[in-house]
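Data from protein_6.pdb: PDB, C-alpha atoms and all ligand atoms
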MODEL        1
ATOM      1  CA  MET A   1     -15.509  37.613  -8.088
ATOM      2  CA  SER A   2     -11.861  36.600  -7.921
ATOM      3  CA  GLU A   3      -9.883  35.731 -11.016
ATOM      4  CA  PRO A   4      -8.873  32.074 -11.363
ATOM      5  CA  PHE A   5      -5.271  30.988 -10.906
ATOM      6  CA  ILE A   6      -3.892  30.251 -14.368
ATOM      7  CA  ILE A   7      -1.643  27.200 -14.029
ATOM      8  CA  ASP A   8       1.430  28.062 -16.085
ATOM      9  CA  GLY A   9       2.465  24.656 -17.456
ATOM     10  CA  LYS A  10       5.296  26.143 -19.442
ATOM     11  CA  ALA A  11       6.942  27.720 -16.405
ATOM     12  CA  ILE A  12       6.311  24.678 -14.197
ATOM     13  CA  ALA A  13       7.736  22.347 -16.877
ATOM     14  CA  ALA A  14      10.819  24.588 -17.094
ATOM     15  CA  SER A  15      11.349  24.372 -13.327
ATOM     16  CA  VAL A  16      10.962  20.565 -13.483
ATOM     17  CA  THR A  17      13.455  20.199 -16.357
ATOM     18  CA  ASP A  18      15.919  22.522 -14.558
ATOM     19  CA  GLU A  19      15.781  20.206 -11.565
ATOM     20  CA  ILE A  20      16.224  17.155 -13.847
ATOM     21  CA  ALA A  21      19.230  18.782 -15.543
ATOM     22  CA  SER A  22      20.940  19.325 -12.196
ATOM     23  CA  ARG A  23      20.201  15.726 -11.156
ATOM     24  CA  VAL A  24      21.592  14.461 -14.484
ATOM     25  CA  ALA A  25      24.779  16.501 -13.997
ATOM     26  CA  ARG A  26      25.175  15.075 -10.484
ATOM     27  CA  LEU A  27      24.599  11.523 -11.733
ATOM     28  CA  GLN A  28      27.205  11.940 -14.430
ATOM     29  CA  LYS A  29      29.726  13.370 -11.983
ATOM     30  CA  GLU A  30      29.156  10.588  -9.450
ATOM     31  CA  SER A  31      28.829   7.583 -11.751
ATOM     32  CA  GLY A  32      30.227   8.689 -15.123
ATOM     33  CA  VAL A  33      26.958   7.609 -16.752
ATOM     34  CA  GLN A  34      24.932   9.885 -19.015
ATOM     35  CA  PRO A  35      21.249   8.906 -19.277
ATOM     36  CA  GLY A  36      20.399   7.927 -22.869
ATOM     37  CA  LEU A  37      16.987   8.346 -24.487
ATOM     38  CA  ALA A  38      16.316   6.556 -27.786
ATOM     39  CA  VAL A  39      13.442   7.998 -29.812
ATOM     40  CA  VAL A  40      12.136   6.092 -32.825
ATOM     41  CA  LEU A  41      10.072   7.842 -35.492
ATOM     42  CA  VAL A  42       8.598   5.821 -38.338
ATOM     43  CA  GLY A  43       7.310   7.805 -41.316
ATOM     44  CA  GLU A  44       6.718  11.477 -42.021
ATOM     45  CA  ASP A  45       3.689  12.468 -39.914
ATOM     46  CA  PRO A  46       4.183  16.240 -39.475
ATOM     47  CA  ALA A  47       2.859  16.446 -35.897
ATOM     48  CA  SER A  48       5.038  13.477 -34.870
ATOM     49  CA  GLN A  49       8.091  15.135 -36.420
ATOM     50  CA  VAL A  50       7.508  18.228 -34.270
ATOM     51  CA  TYR A  51       6.987  16.158 -31.096
ATOM     52  CA  VAL A  52      10.102  14.091 -31.738
ATOM     53  CA  ARG A  53      12.243  17.142 -32.418
ATOM     54  CA  ASN A  54      11.066  18.696 -29.145
ATOM     55  CA  LYS A  55      11.855  15.507 -27.222
ATOM     56  CA  GLU A  56      15.351  15.374 -28.680
ATOM     57  CA  ARG A  57      15.960  19.071 -27.948
ATOM     58  CA  MET A  58      14.800  18.709 -24.339
ATOM     59  CA  ALA A  59      16.890  15.567 -23.746
ATOM     60  CA  LEU A  60      19.982  17.489 -24.864
ATOM     61  CA  LYS A  61      18.993  20.469 -22.705
ATOM     62  CA  CYS A  62      18.779  18.165 -19.677
ATOM     63  CA  GLY A  63      22.284  16.875 -20.426
ATOM     64  CA  MET A  64      21.144  13.490 -21.681
ATOM     65  CA  ASN A  65      22.301  11.550 -24.685
ATOM     66  CA  SER A  66      19.667  11.567 -27.445
ATOM     67  CA  ILE A  67      19.685   8.626 -29.819
ATOM     68  CA  MET A  68      17.372   9.338 -32.772
ATOM     69  CA  HIS A  69      16.190   6.686 -35.224
ATOM     70  CA  ARG A  70      14.207   7.963 -38.202
ATOM     71  CA  LEU A  71      12.803   5.112 -40.293
ATOM     72  CA  PRO A  72      10.892   5.269 -43.575
ATOM     73  CA  GLU A  73       7.091   4.955 -43.763
ATOM     74  CA  THR A  74       7.572   1.573 -45.512
ATOM     75  CA  THR A  75       9.435   0.019 -42.537
ATOM     76  CA  SER A  76       8.166  -3.494 -41.829
ATOM     77  CA  GLU A  77       7.019  -4.680 -38.421
ATOM     78  CA  ALA A  78       9.940  -7.127 -38.312
ATOM     79  CA  GLU A  79      12.430  -4.323 -38.962
ATOM     80  CA  LEU A  80      10.992  -2.166 -36.186
ATOM     81  CA  LEU A  81      10.892  -5.103 -33.756
ATOM     82  CA  ALA A  82      14.546  -5.813 -34.573
ATOM     83  CA  LEU A  83      15.478  -2.203 -33.775
ATOM     84  CA  VAL A  84      13.589  -2.301 -30.457
ATOM     85  CA  ALA A  85      15.400  -5.547 -29.543
ATOM     86  CA  GLU A  86      18.715  -3.870 -30.306
ATOM     87  CA  LEU A  87      17.852  -0.850 -28.138
ATOM     88  CA  ASN A  88      16.644  -3.178 -25.344
ATOM     89  CA  ALA A  89      20.110  -4.749 -25.289
ATOM     90  CA  ASP A  90      22.083  -1.495 -25.541
ATOM     91  CA  GLU A  91      23.466  -0.473 -22.129
ATOM     92  CA  ALA A  92      23.847   3.162 -23.213
ATOM     93  CA  VAL A  93      20.093   3.363 -23.862
ATOM     94  CA  HIS A  94      18.103   3.796 -20.628
ATOM     95  CA  GLY A  95      14.817   4.909 -22.163
ATOM     96  CA  ILE A  96      13.061   3.891 -25.384
ATOM     97  CA  LEU A  97      10.197   5.808 -26.944
ATOM     98  CA  VAL A  98       8.525   4.718 -30.169
ATOM     99  CA  GLN A  99       6.503   7.672 -31.417
ATOM    100  CA  LEU A 100       2.828   6.880 -32.152
ATOM    101  CA  PRO A 101       0.925   6.541 -34.403
ATOM    102  CA  LEU A 102       2.766   3.881 -36.404
ATOM    103  CA  PRO A 103       2.079   3.073 -40.077
ATOM    104  CA  LYS A 104      -0.752   0.603 -40.785
ATOM    105  CA  GLN A 105       1.471  -2.403 -41.514
ATOM    106  CA  ILE A 106       2.842  -2.359 -37.948
ATOM    107  CA  ASP A 107       0.982  -3.728 -34.909
ATOM    108  CA  GLU A 108       1.447  -1.025 -32.260
ATOM    109  CA  GLY A 109       0.733  -3.364 -29.350
ATOM    110  CA  LYS A 110       3.396  -5.821 -30.475
ATOM    111  CA  VAL A 111       6.022  -3.073 -30.612
ATOM    112  CA  LEU A 112       5.104  -1.508 -27.258
ATOM    113  CA  GLU A 113       5.089  -4.920 -25.561
ATOM    114  CA  LEU A 114       8.584  -5.706 -26.807
ATOM    115  CA  ILE A 115      10.098  -2.628 -25.125
ATOM    116  CA  ARG A 116      11.697  -3.710 -21.832
ATOM    117  CA  PRO A 117       9.393  -2.362 -19.094
ATOM    118  CA  GLU A 118      12.460  -0.886 -17.321
ATOM    119  CA  LYS A 119      13.148   1.222 -20.441
ATOM    120  CA  ASP A 120       9.504   2.042 -21.237
ATOM    121  CA  VAL A 121       9.679   5.801 -20.566
ATOM    122  CA  ASP A 122       6.218   6.325 -22.102
ATOM    123  CA  GLY A 123       4.773   4.074 -19.390
ATOM    124  CA  PHE A 124       2.631   2.297 -22.009
ATOM    125  CA  HIS A 125       3.826  -1.296 -21.413
ATOM    126  CA  PRO A 126       1.196  -3.561 -19.808
ATOM    127  CA  ILE A 127       3.646  -4.284 -16.961
ATOM    128  CA  ASN A 128       3.857  -0.571 -16.140
ATOM    129  CA  ALA A 129       0.088  -0.176 -16.499
ATOM    130  CA  GLY A 130      -0.313  -3.120 -14.106
ATOM    131  CA  LEU A 131       2.164  -1.699 -11.564
ATOM    132  CA  LEU A 132       0.267   1.600 -11.624
ATOM    133  CA  GLY A 133      -3.026  -0.244 -11.121
ATOM    134  CA  ALA A 134      -1.492  -2.107  -8.172
ATOM    135  CA  GLY A 135      -0.256   1.154  -6.643
ATOM    136  CA  ALA A 136       3.426   0.120  -6.986
ATOM    137  CA  LEU A 137       4.545   3.547  -8.171
ATOM    138  CA  ASP A 138       8.067   3.005  -6.870
ATOM    139  CA  LYS A 139       8.547   0.187  -9.408
ATOM    140  CA  ALA A 140       6.516   1.547 -12.332
ATOM    141  CA  LEU A 141       7.357   4.057 -15.015
ATOM    142  CA  LEU A 142       4.307   6.335 -15.121
ATOM    143  CA  PRO A 143       2.732   7.635 -18.319
ATOM    144  CA  CYS A 144       3.912  11.196 -18.880
ATOM    145  CA  THR A 145       0.722  13.162 -19.588
ATOM    146  CA  PRO A 146      -1.181  11.725 -16.590
ATOM    147  CA  ALA A 147       1.797  12.293 -14.266
ATOM    148  CA  GLY A 148       2.173  15.859 -15.560
ATOM    149  CA  SER A 149      -1.545  16.486 -15.060
ATOM    150  CA  VAL A 150      -1.402  15.436 -11.407
ATOM    151  CA  LEU A 151       1.708  17.555 -10.843
ATOM    152  CA  LEU A 152      -0.172  20.602 -12.168
ATOM    153  CA  ALA A 153      -3.197  19.870  -9.957
ATOM    154  CA  LYS A 154      -0.840  19.822  -6.958
ATOM    155  CA  ARG A 155       0.701  23.137  -7.947
ATOM    156  CA  ALA A 156      -2.791  24.636  -7.720
ATOM    157  CA  LEU A 157      -4.093  22.779  -4.646
ATOM    158  CA  GLY A 158      -0.978  21.837  -2.676
ATOM    159  CA  GLN A 159       0.567  18.401  -2.178
ATOM    160  CA  ASP A 160      -2.405  16.880  -0.383
ATOM    161  CA  LEU A 161      -5.279  16.039  -2.722
ATOM    162  CA  SER A 162      -6.922  13.606  -0.292
ATOM    163  CA  GLY A 163     -10.684  13.622  -0.137
ATOM    164  CA  LYS A 164     -11.107  15.754  -3.238
ATOM    165  CA  HIS A 165     -13.674  14.574  -5.748
ATOM    166  CA  ALA A 166     -11.859  14.146  -9.073
ATOM    167  CA  VAL A 167     -13.978  13.682 -12.175
ATOM    168  CA  VAL A 168     -12.007  12.423 -15.160
ATOM    169  CA  ILE A 169     -13.828  12.820 -18.464
ATOM    170  CA  GLY A 170     -12.369  10.282 -20.900
ATOM    171  CA  ARG A 171     -11.303   6.657 -20.454
ATOM    172  CA  SER A 172      -8.399   6.161 -22.846
ATOM    173  CA  ASN A 173      -5.571   3.826 -21.906
ATOM    174  CA  ILE A 174      -2.995   6.582 -22.325
ATOM    175  CA  VAL A 175      -4.688   9.375 -20.346
ATOM    176  CA  GLY A 176      -8.128   8.810 -18.794
ATOM    177  CA  LYS A 177      -7.531   5.479 -17.035
ATOM    178  CA  PRO A 178      -3.992   6.193 -15.774
ATOM    179  CA  VAL A 179      -4.798   9.735 -14.557
ATOM    180  CA  ALA A 180      -7.767   8.291 -12.637
ATOM    181  CA  GLN A 181      -5.481   5.707 -11.029
ATOM    182  CA  LEU A 182      -2.895   8.328 -10.069
ATOM    183  CA  LEU A 183      -5.589  10.516  -8.487
ATOM    184  CA  LEU A 184      -6.894   7.487  -6.591
ATOM    185  CA  GLN A 185      -3.345   6.898  -5.347
ATOM    186  CA  GLU A 186      -3.442  10.522  -4.092
ATOM    187  CA  ASN A 187      -6.540   9.585  -2.051
ATOM    188  CA  CYS A 188      -8.999  11.443  -4.240
ATOM    189  CA  THR A 189     -12.499  10.084  -4.685
ATOM    190  CA  VAL A 190     -12.442   9.397  -8.416
ATOM    191  CA  THR A 191     -15.241   9.211 -10.947
ATOM    192  CA  ILE A 192     -14.454   8.266 -14.553
ATOM    193  CA  ALA A 193     -16.968   9.681 -17.024
ATOM    194  CA  HIS A 194     -17.246   8.918 -20.735
ATOM    195  CA  SER A 195     -19.513   9.169 -23.761
ATOM    196  CA  ARG A 196     -22.213   6.973 -22.191
ATOM    197  CA  THR A 197     -22.262   8.799 -18.848
ATOM    198  CA  GLN A 198     -25.712  10.145 -17.956
ATOM    199  CA  ASP A 199     -26.073  13.861 -17.277
ATOM    200  CA  LEU A 200     -22.405  14.641 -17.675
ATOM    201  CA  PRO A 201     -22.824  18.379 -16.954
ATOM    202  CA  ALA A 202     -24.373  17.649 -13.541
ATOM    203  CA  LEU A 203     -21.662  15.117 -12.702
ATOM    204  CA  ALA A 204     -18.866  17.442 -13.805
ATOM    205  CA  ALA A 205     -20.337  20.149 -11.567
ATOM    206  CA  THR A 206     -19.614  17.968  -8.503
ATOM    207  CA  ALA A 207     -15.856  17.883  -9.243
ATOM    208  CA  ASP A 208     -13.231  19.580  -7.085
ATOM    209  CA  ILE A 209     -10.722  18.492  -9.742
ATOM    210  CA  LEU A 210     -12.048  18.227 -13.289
ATOM    211  CA  VAL A 211      -9.774  16.485 -15.796
ATOM    212  CA  ALA A 212     -10.837  16.806 -19.431
ATOM    213  CA  ALA A 213      -9.361  14.148 -21.718
ATOM    214  CA  VAL A 214     -11.959  13.485 -24.398
ATOM    215  CA  GLY A 215     -10.333  14.911 -27.519
ATOM    216  CA  ARG A 216     -13.324  17.081 -28.463
ATOM    217  CA  PRO A 217     -12.689  20.791 -28.850
ATOM    218  CA  GLN A 218     -14.313  22.963 -26.155
ATOM    219  CA  MET A 219     -16.842  20.282 -25.218
ATOM    220  CA  ILE A 220     -16.762  20.996 -21.471
ATOM    221  CA  LYS A 221     -18.727  24.193 -20.924
ATOM    222  CA  GLY A 222     -18.143  26.859 -18.310
ATOM    223  CA  ASP A 223     -21.349  26.106 -16.422
ATOM    224  CA  TRP A 224     -20.231  22.471 -15.941
ATOM    225  CA  VAL A 225     -17.464  23.764 -13.672
ATOM    226  CA  LYS A 226     -18.146  24.086  -9.934
ATOM    227  CA  LYS A 227     -17.177  27.438  -8.359
ATOM    228  CA  GLY A 228     -13.548  27.222  -7.290
ATOM    229  CA  ALA A 229     -12.805  23.869  -9.008
ATOM    230  CA  THR A 230      -9.392  23.060 -10.450
ATOM    231  CA  VAL A 231      -9.652  22.347 -14.178
ATOM    232  CA  ILE A 232      -6.944  20.303 -15.908
ATOM    233  CA  ASP A 233      -7.440  20.383 -19.677
ATOM    234  CA  VAL A 234      -5.529  17.593 -21.424
ATOM    235  CA  GLY A 235      -7.054  18.222 -24.867
ATOM    236  CA  ILE A 236      -5.058  19.652 -27.762
ATOM    237  CA  ASN A 237      -7.369  20.268 -30.724
ATOM    238  CA  ARG A 238      -6.753  22.320 -33.842
ATOM    239  CA  ILE A 239      -9.832  24.267 -34.989
ATOM    240  CA  PRO A 240     -10.421  26.762 -37.804
ATOM    241  CA  ALA A 241      -9.728  30.387 -36.809
ATOM    242  CA  PRO A 242     -11.179  32.537 -39.600
ATOM    243  CA  GLU A 243     -10.713  35.612 -37.345
ATOM    244  CA  LYS A 244      -6.951  35.160 -37.884
ATOM    245  CA  GLY A 245      -7.378  35.050 -41.655
ATOM    246  CA  GLU A 246      -8.544  32.604 -44.281
ATOM    247  CA  GLY A 247      -7.395  29.024 -43.754
ATOM    248  CA  LYS A 248      -5.825  29.840 -40.334
ATOM    249  CA  THR A 249      -6.221  27.545 -37.325
ATOM    250  CA  ARG A 250      -5.654  27.688 -33.574
ATOM    251  CA  LEU A 251      -5.224  25.238 -30.715
ATOM    252  CA  VAL A 252      -7.941  24.771 -28.124
ATOM    253  CA  GLY A 253      -8.487  22.328 -25.299
ATOM    254  CA  ASP A 254     -11.421  20.077 -24.450
ATOM    255  CA  VAL A 255     -12.701  22.838 -22.150
ATOM    256  CA  ASP A 256     -14.416  26.045 -23.214
ATOM    257  CA  TYR A 257     -11.635  28.078 -21.587
ATOM    258  CA  GLU A 258     -13.280  31.522 -21.697
ATOM    259  CA  GLY A 259     -16.494  30.104 -20.247
ATOM    260  CA  ALA A 260     -14.672  28.130 -17.543
ATOM    261  CA  LEU A 261     -12.740  31.205 -16.352
ATOM    262  CA  ALA A 262     -15.936  32.486 -14.730
ATOM    263  CA  ASN A 263     -16.166  29.503 -12.356
ATOM    264  CA  ALA A 264     -12.778  27.784 -12.045
ATOM    265  CA  GLY A 265     -10.525  28.410  -9.057
ATOM    266  CA  ALA A 266      -7.547  27.292 -11.142
ATOM    267  CA  ILE A 267      -7.255  26.224 -14.769
ATOM    268  CA  THR A 268      -4.631  25.060 -17.266
ATOM    269  CA  PRO A 269      -4.546  26.991 -20.561
ATOM    270  CA  VAL A 270      -4.160  25.379 -24.004
ATOM    271  CA  PRO A 271      -1.517  25.722 -25.262
ATOM    272  CA  GLY A 272       0.867  26.159 -22.336
ATOM    273  CA  GLY A 273      -0.784  23.918 -19.749
ATOM    274  CA  VAL A 274      -0.517  20.130 -19.723
ATOM    275  CA  GLY A 275       1.334  19.967 -23.092
ATOM    276  CA  PRO A 276       4.749  21.148 -21.880
ATOM    277  CA  MET A 277       4.513  18.839 -18.851
ATOM    278  CA  THR A 278       4.430  15.714 -21.016
ATOM    279  CA  ILE A 279       7.987  16.215 -22.243
ATOM    280  CA  ALA A 280       9.179  17.263 -18.778
ATOM    281  CA  MET A 281       7.856  14.018 -17.287
ATOM    282  CA  LEU A 282       9.449  12.040 -20.135
ATOM    283  CA  MET A 283      12.807  13.489 -19.082
ATOM    284  CA  GLY A 284      12.009  12.576 -15.482
ATOM    285  CA  ASN A 285      11.213   8.988 -16.501
ATOM    286  CA  THR A 286      14.461   8.682 -18.449
ATOM    287  CA  LEU A 287      16.461   9.751 -15.397
ATOM    288  CA  ILE A 288      14.494   7.385 -13.118
ATOM    289  CA  ALA A 289      15.017   4.539 -15.614
ATOM    290  CA  ALA A 290      18.774   5.218 -15.789
ATOM    291  CA  ARG A 291      19.162   5.277 -11.992
ATOM    292  CA  ARG A 292      17.215   2.019 -11.597
ATOM    293  CA  GLN A 293      19.294   0.324 -14.308
ATOM    294  CA  LEU A 294      22.442   1.432 -12.473
ATOM    295  CA  GLY A 295      21.094   0.097  -9.164
ATOM    296  CA  LEU A 296      21.056   3.585  -7.591
ATOM    297  CA  ALA A 297      18.609   4.800  -4.944
ATOM    298  CA  ALA A 298      15.493   6.702  -5.968
ATOM    299  CA  GLU A 299      15.569  10.485  -5.673
ATOM    300  CA  PRO A 300      12.711  12.554  -4.185
ATOM    301  CA  ALA A 301       9.652  12.558  -6.430
ATOM    302  CA  LEU A 302       9.293  15.416  -8.885
ATOM    303  CA  PHE A 303       5.661  15.711  -7.761
TER
HETATM  304  N1  LIG B 401       2.134  10.377 -29.902
HETATM  305  C1  LIG B 401       1.442  11.389 -29.340
HETATM  306  N2  LIG B 401       1.738  11.471 -28.012
HETATM  307  C2  LIG B 401       2.626  10.491 -27.762
HETATM  308  C3  LIG B 401       3.318  10.078 -26.580
HETATM  309  O1  LIG B 401       3.164  10.627 -25.479
HETATM  310  N3  LIG B 401       4.164   9.039 -26.726
HETATM  311  C4  LIG B 401       4.352   8.404 -27.913
HETATM  312  N4  LIG B 401       5.191   7.382 -27.957
HETATM  313  N5  LIG B 401       3.718   8.760 -29.018
HETATM  314  C5  LIG B 401       2.872   9.802 -28.941
ENDMDL
END

Now that the file is in, can you turn its structure into structure tokens?
Ligand code: GUN
Amino acid sequence: MSEPFIIDGKAIAASVTDEIASRVARLQKESGVQPGLAVVLVGEDPASQVYVRNKERMALKCGMNSIMHRLPETTSEAELLALVAELNADEAVHGILVQLPLPKQIDEGKVLELIRPEKDVDGFHPINAGLLGAGALDKALLPCTPAGSVLLAKRALGQDLSGKHAVVIGRSNIVGKPVAQLLLQENCTVTIAHSRTQDLPALAATADILVAAVGRPQMIKGDWVKKGATVIDVGINRIPAPEKGEGKTRLVGDVDYEGALANAGAITPVPGGVGPMTIAMLMGNTLIAARRQLGLAAEPALF
């Protein structure tokens, strides 16, 4: 039995951000414009603080301008909306990202809908969701985790995914639905499965590409994976790890990784699979957004 190909998301993300950095340098040389990414963090959520710090660090590494706004937990909806309006109008800001989740007093949908779709580097605005649904990828900004997931699938299977059966487990607006639409755009036959799906193990076992985006640690078992299938694990779950010592934890995906190794042809690890791609694609979106705002031609796709 041959060992599966472990899809090294960290290395692939590094090659993508290297390419973005050289494109940013070229843009700056040719137009004098430095792409600017504004990141807004409201409150003190520890995981969000880590994510935001990583986004800022990567923007700087790619040669972009990082504009950080850290607001207190008590920020009102009106105050946040006013900041978004200011960033919408600021020509030096090409991408706007409001880190989620937001405190209870703020309506997330209202904030996300106020971000100008052209600056919506998360790809969460209904206009961008609609453009993706309509297949207008040249006009949309694509959500980062789904775009990164498809890029990784292509690194395992090659550029042409047509005719593959993709089973996406999970139907969230930020991962399940958009990744299904991207795979459809790649001419896959796509099935979206969820908590009410009947005989999920049997369905999963028909997948050439199995995308796990349910948010339940190690739910997808090894014997649900068809021999040779490509497994893209979007889950990031923290579980107790008493073997590492009392009170210790570790990160696992939505897939039982050890079990899946026996059947998968290729698989993304957690951590080090889809996770690093999310930030890489965010950088890609910021560059795309800047070029569009400057009226410049599109560059070759990163995936
Ligand atoms: N919180 C967790 N993941 C994300 C993300 O991709 N974008 C934003 N804005 N918030 C998040």

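Shortest separation to Pro72 (chain A) among A:Gly123, A:Pro4, A:Leu41, A:Ala193 occurs at residue A:Leu41, atoms counted being only C-alpha atoms.
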
Discussion item. At a cut-off of 10 Å and counting only C-alpha atoms and all ligand atoms, what residues surround ligand LIG 401 (chain B)? Please answer as a PyMOL selection string.
Written reply: chain A and resi 39-41+47-48+51-52+96-102+112+120-124+143-146+174-175+275+278-279+282

Discussion item. Given the PyMOL selection byres (((chain A and resi 128) around 12) and not hetatm) and the file above, list the residues it selects as a VMD selection string.
Written reply: chain A and resid 112 to 113 115 to 127 129 to 143 173 to 174 178

Worksheet item: So what do you get for CA of Gly148 (chain A) versus CA of Ala166 (chain A), distance-wise?
Response: 15.6 Å

Item to complete: To verify the selection step, state as an NGL selection string which residues the PyMOL selection byres (((chain A and resi 301) around 10) and not hetatm) yields on this input.
Response: :A and (138 or 284 or 288 or 298-300 or 302-303)

Result set of the PyMOL selection byres (((chain A and resi 203) around 12) and not hetatm) on the coordinates above, as a PDB file with C-alpha atoms, keeping the file's coordinate frame:
ATOM      1  CA  HIS A 165     -13.674  14.574  -5.748  1.00  0.00           C
ATOM      2  CA  ALA A 166     -11.859  14.146  -9.073  1.00  0.00           C
ATOM      3  CA  VAL A 167     -13.978  13.682 -12.175  1.00  0.00           C
ATOM      4  CA  VAL A 168     -12.007  12.423 -15.160  1.00  0.00           C
ATOM      5  CA  ILE A 169     -13.828  12.820 -18.464  1.00  0.00           C
ATOM      6  CA  VAL A 190     -12.442   9.397  -8.416  1.00  0.00           C
ATOM      7  CA  THR A 191     -15.241   9.211 -10.947  1.00  0.00           C
ATOM      8  CA  ILE A 192     -14.454   8.266 -14.553  1.00  0.00           C
ATOM      9  CA  ALA A 193     -16.968   9.681 -17.024  1.00  0.00           C
ATOM     10  CA  HIS A 194     -17.246   8.918 -20.735  1.00  0.00           C
ATOM     11  CA  THR A 197     -22.262   8.799 -18.848  1.00  0.00           C
ATOM     12  CA  GLN A 198     -25.712  10.145 -17.956  1.00  0.00           C
ATOM     13  CA  ASP A 199     -26.073  13.861 -17.277  1.00  0.00           C
ATOM     14  CA  LEU A 200     -22.405  14.641 -17.675  1.00  0.00           C
ATOM     15  CA  PRO A 201     -22.824  18.379 -16.954  1.00  0.00           C
ATOM     16  CA  ALA A 202     -24.373  17.649 -13.541  1.00  0.00           C
ATOM     17  CA  ALA A 204     -18.866  17.442 -13.805  1.00  0.00           C
ATOM     18  CA  ALA A 205     -20.337  20.149 -11.567  1.00  0.00           C
ATOM     19  CA  THR A 206     -19.614  17.968  -8.503  1.00  0.00           C
ATOM     20  CA  ALA A 207     -15.856  17.883  -9.243  1.00  0.00           C
ATOM     21  CA  ASP A 208     -13.231  19.580  -7.085  1.00  0.00           C
ATOM     22  CA  ILE A 209     -10.722  18.492  -9.742  1.00  0.00           C
ATOM     23  CA  LEU A 210     -12.048  18.227 -13.289  1.00  0.00           C
ATOM     24  CA  ILE A 220     -16.762  20.996 -21.471  1.00  0.00           C
ATOM     25  CA  ASP A 223     -21.349  26.106 -16.422  1.00  0.00           C
ATOM     26  CA  TRP A 224     -20.231  22.471 -15.941  1.00  0.00           C
ATOM     27  CA  VAL A 225     -17.464  23.764 -13.672  1.00  0.00           C
ATOM     28  CA  LYS A 226     -18.146  24.086  -9.934  1.00  0.00           C
TER      29      LYS A 226
END

Discussion item. Using only C-alpha atoms for the distances, tell me which of A:Asp107, A:Asp233, A:Glu86, A:Glu243 is nearest to Ile7 (chain A).
Written reply: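 Of A:Asp107, A:Asp233, A:Glu86, A:Glu243, the one nearest Ile7 (chain A), counting only C-alpha atoms, is A:Asp233.
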
Please list, as a PDB file with C-alpha atoms, keeping the file's coordinate frame, the residues that have an atom at most 9 Å away from (-18.0, 27.8, -13.0) in the coordinates of this file, counting only C-alpha atoms.
ATOM      1  CA  ALA A 205     -20.337  20.149 -11.567  1.00  0.00           C
ATOM      2  CA  LYS A 221     -18.727  24.193 -20.924  1.00  0.00           C
ATOM      3  CA  GLY A 222     -18.143  26.859 -18.310  1.00  0.00           C
ATOM      4  CA  ASP A 223     -21.349  26.106 -16.422  1.00  0.00           C
ATOM      5  CA  TRP A 224     -20.231  22.471 -15.941  1.00  0.00           C
ATOM      6  CA  VAL A 225     -17.464  23.764 -13.672  1.00  0.00           C
ATOM      7  CA  LYS A 226     -18.146  24.086  -9.934  1.00  0.00           C
ATOM      8  CA  LYS A 227     -17.177  27.438  -8.359  1.00  0.00           C
ATOM      9  CA  GLY A 228     -13.548  27.222  -7.290  1.00  0.00           C
ATOM     10  CA  ALA A 229     -12.805  23.869  -9.008  1.00  0.00           C
ATOM     11  CA  GLY A 259     -16.494  30.104 -20.247  1.00  0.00           C
ATOM     12  CA  ALA A 260     -14.672  28.130 -17.543  1.00  0.00           C
ATOM     13  CA  LEU A 261     -12.740  31.205 -16.352  1.00  0.00           C
ATOM     14  CA  ALA A 262     -15.936  32.486 -14.730  1.00  0.00           C
ATOM     15  CA  ASN A 263     -16.166  29.503 -12.356  1.00  0.00           C
ATOM     16  CA  ALA A 264     -12.778  27.784 -12.045  1.00  0.00           C
ATOM     17  CA  GLY A 265     -10.525  28.410  -9.057  1.00  0.00           C
TER      18      GLY A 265
END

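A straight line drawn from CA of Ile106 (chain A) to CA of Gly43 (chain A) is 11.6 Å long.
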
Practice prompt. Find the residue from A:Leu157, A:Ala25, A:Leu183, A:Ala78 that sits nearest to Ala266 (chain A); use all atoms listed in the file when measuring.
Written response: A:Leu157

Box time for region 47-51 of chain A: axis-aligned, enclosing all its listed atoms, 3 Å extra on each side; report centre and edge lengths in Å to one decimal, as AutoDock Vina command-line options.
--center_x 5.5 --center_y 15.9 --center_z -33.8 --size_x 11.2 --size_y 10.8 --size_z 11.3

Could you model N, CA, C and O atoms for region 5-9 of chain A and present them as a PDB file, in the frame of the given file?
ATOM      1  N   PHE A   5      -6.718  31.178 -10.808  1.00  0.00           N
ATOM      2  CA  PHE A   5      -5.271  30.988 -10.906  1.00  0.00           C
ATOM      3  C   PHE A   5      -4.996  30.254 -12.223  1.00  0.00           C
ATOM      4  O   PHE A   5      -5.520  29.158 -12.446  1.00  0.00           O
ATOM      5  N   ILE A   6      -4.234  30.897 -13.098  1.00  0.00           N
ATOM      6  CA  ILE A   6      -3.892  30.251 -14.368  1.00  0.00           C
ATOM      7  C   ILE A   6      -2.631  29.402 -14.141  1.00  0.00           C
ATOM      8  O   ILE A   6      -1.573  29.949 -13.788  1.00  0.00           O
ATOM      9  N   ILE A   7      -2.763  28.109 -14.317  1.00  0.00           N
ATOM     10  CA  ILE A   7      -1.643  27.200 -14.029  1.00  0.00           C
ATOM     11  C   ILE A   7      -0.685  27.235 -15.229  1.00  0.00           C
ATOM     12  O   ILE A   7      -1.025  26.752 -16.310  1.00  0.00           O
ATOM     13  N   ASP A   8       0.485  27.819 -14.997  1.00  0.00           N
ATOM     14  CA  ASP A   8       1.430  28.062 -16.085  1.00  0.00           C
ATOM     15  C   ASP A   8       2.286  26.814 -16.325  1.00  0.00           C
ATOM     16  O   ASP A   8       3.360  26.650 -15.737  1.00  0.00           O
ATOM     17  N   GLY A   9       1.780  25.928 -17.188  1.00  0.00           N
ATOM     18  CA  GLY A   9       2.465  24.656 -17.456  1.00  0.00           C
ATOM     19  C   GLY A   9       3.849  24.850 -18.045  1.00  0.00           C
ATOM     20  O   GLY A   9       4.755  24.057 -17.777  1.00  0.00           O
TER      21      GLY A   9
END
